[in-house]
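Okay, so here's the structure we're looking at.
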Amino acid sequence: MIAAVFVLAIVLAIILATCGDAAAQDAVAARVTFASMDGRTKLVGYVFTPDKAGRAPAVVMMHGRGGPYSSEANGRYDASTLSQRHQMWGRLWASLGYVAILVDGFGPRGYPQGFVRGSYDQRPEALNEVTVRPLDAYGALGYLRTRPDVAPDSIVLQGWSNGGSATLATMAVVAADTPGAVAHSPVLGFRAALAFYPACGLKGMFEEAYRPYAPIRVFMGDADEEVSPKRCATFVEKSRAQGGDIAIKLYPGATHDFDDPGRKRQSVDGNAAAKADAMQEAPAFFAEQLAVKR
């Protein structure tokens, strides 16, 4: 059980991440580049670092279909125009002592603005969330392990929407010869993962079986208008029956993007409650998993 003092620390961190002073809100993540495991793409990452010395646990963050930047970026795609949600989470993780890296998997491939809702069938294969984006996640994992401020065996994964689907695919136990799937040694992989409102079809890759090599928690609203909560609940139930350490939390009345801190999304009562809960549950889950010795 997470100690009360840690829960209090999470609450305080959330306050700082969402309602902090001007200096904290103006903090800009550091831009880095590293290679995707696809062997050809140089990715861009934005790193949020804690204000403490020594090796820290780390979080790889995978954006959704809209990309990592604000819809108001207006052609400027850099650390200053990251979306409110990504900045909020990056600052939260840093305030809790994590190094957090937001991976831009779309910009380096020519799609910095991402994609509008309903465009799924028109998206290029180069951005496939099942066969390509997991290679970006593992590229970020490899990069973090080269940093002197990161504990190399304490790295976790978080993804939203399309990035949540990529997170599920990244964490799958697959045979090395499975066509199109990304195989990775569990010993060298992520310690745990969070998938926020993913689409759980995963291009049919895991219709027969899905088992993650490390624990996963899925957070989703039962009023999600973009992806199917019912399908994800069935996906999780089937995986659990096959021995997967995966669970889903469905928030009543919450929609897609429920943790977006913008006024439009937070004006929905279900979203406000879901965001507040998820921002406590997510750190508690990672802390619990990283406290377990391998």
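Residue numbers start at 1 in each chain; chains themselves are named A, B, ... in the order of the structure tokens; ligands are numbered from 1 in the order shown.
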Nearby residues (only C-alpha atoms) at most 8 Å from Phe190 of chain A, same-chain spacing under 4 positions excluded, as a PDB file with C-alpha atoms, in the first residue's frame:
```
ATOM      1  CA  LEU A 141      14.012   3.579 -23.676  1.00  0.00           C
ATOM      2  CA  SER A 154      13.359   1.829 -13.541  1.00  0.00           C
ATOM      3  CA  ILE A 155      11.733   3.081 -16.738  1.00  0.00           C
ATOM      4  CA  VAL A 156       7.979   3.027 -17.353  1.00  0.00           C
ATOM      5  CA  LEU A 157       5.692   3.910 -20.263  1.00  0.00           C
ATOM      6  CA  MET A 171       4.144  -4.152 -23.922  1.00  0.00           C
ATOM      7  CA  PRO A 186      10.931  -8.407 -21.018  1.00  0.00           C
ATOM      8  CA  ALA A 214       4.822  -6.194 -17.310  1.00  0.00           C
TER       9      ALA A 214
END
```
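Excluding Leu102 of chain A and any residue on its chain fewer than 4 positions from it, the residues at most 10 Å away by only C-alpha atoms are A:Ala29, A:Arg31, A:Val44, A:Gly45, A:Tyr46, A:Val47, A:Phe48, A:Val59, A:Val60, A:Met61, A:Met62, A:His63, A:Pro68, A:Leu82, A:His86, A:Gln87, A:Trp89, A:Gly90, A:Ala137, A:Ala140, A:Gln158, A:Gly159.
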(request) Can you pull out every residue within 10 Å of Phe206 of chain A, counting only C-alpha atoms, but drop anything in the same chain fewer than 3 positions away, and send it as a ChimeraX atom specification? (result) /A:169,172,174,181,200-203,209-211,235,239
(request) Between atom CA of Lys275 of chain A and atom CA of Val218 of chain A, measure the distance and give it in Å to one decimal. (result)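 Answer for the atom CA of Lys275 of chain A to atom CA of Val218 of chain A separation: 13.4 Å.
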(message) My list of candidates is A:Ser161, A:Gln289, A:Gln113, A:Gln242. Which is closest to Pro229 of chain A when distances are computed with only C-alpha atoms?
(response)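 So, comparing all the options, the nearest one is A:Ser161.
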(request) Point out the residue among A:Asp224, A:Glu125, A:Glu207, A:Asp153 with the least atom-to-atom distance to Val236 of chain A, counting only C-alpha atoms. (result) A:Glu207
(request) Find, counting only C-alpha atoms, the residue in A:Ala126, A:Val116, A:Leu168, A:Met37 that gets nearest to Tyr138 of chain A. (result) A:Met37
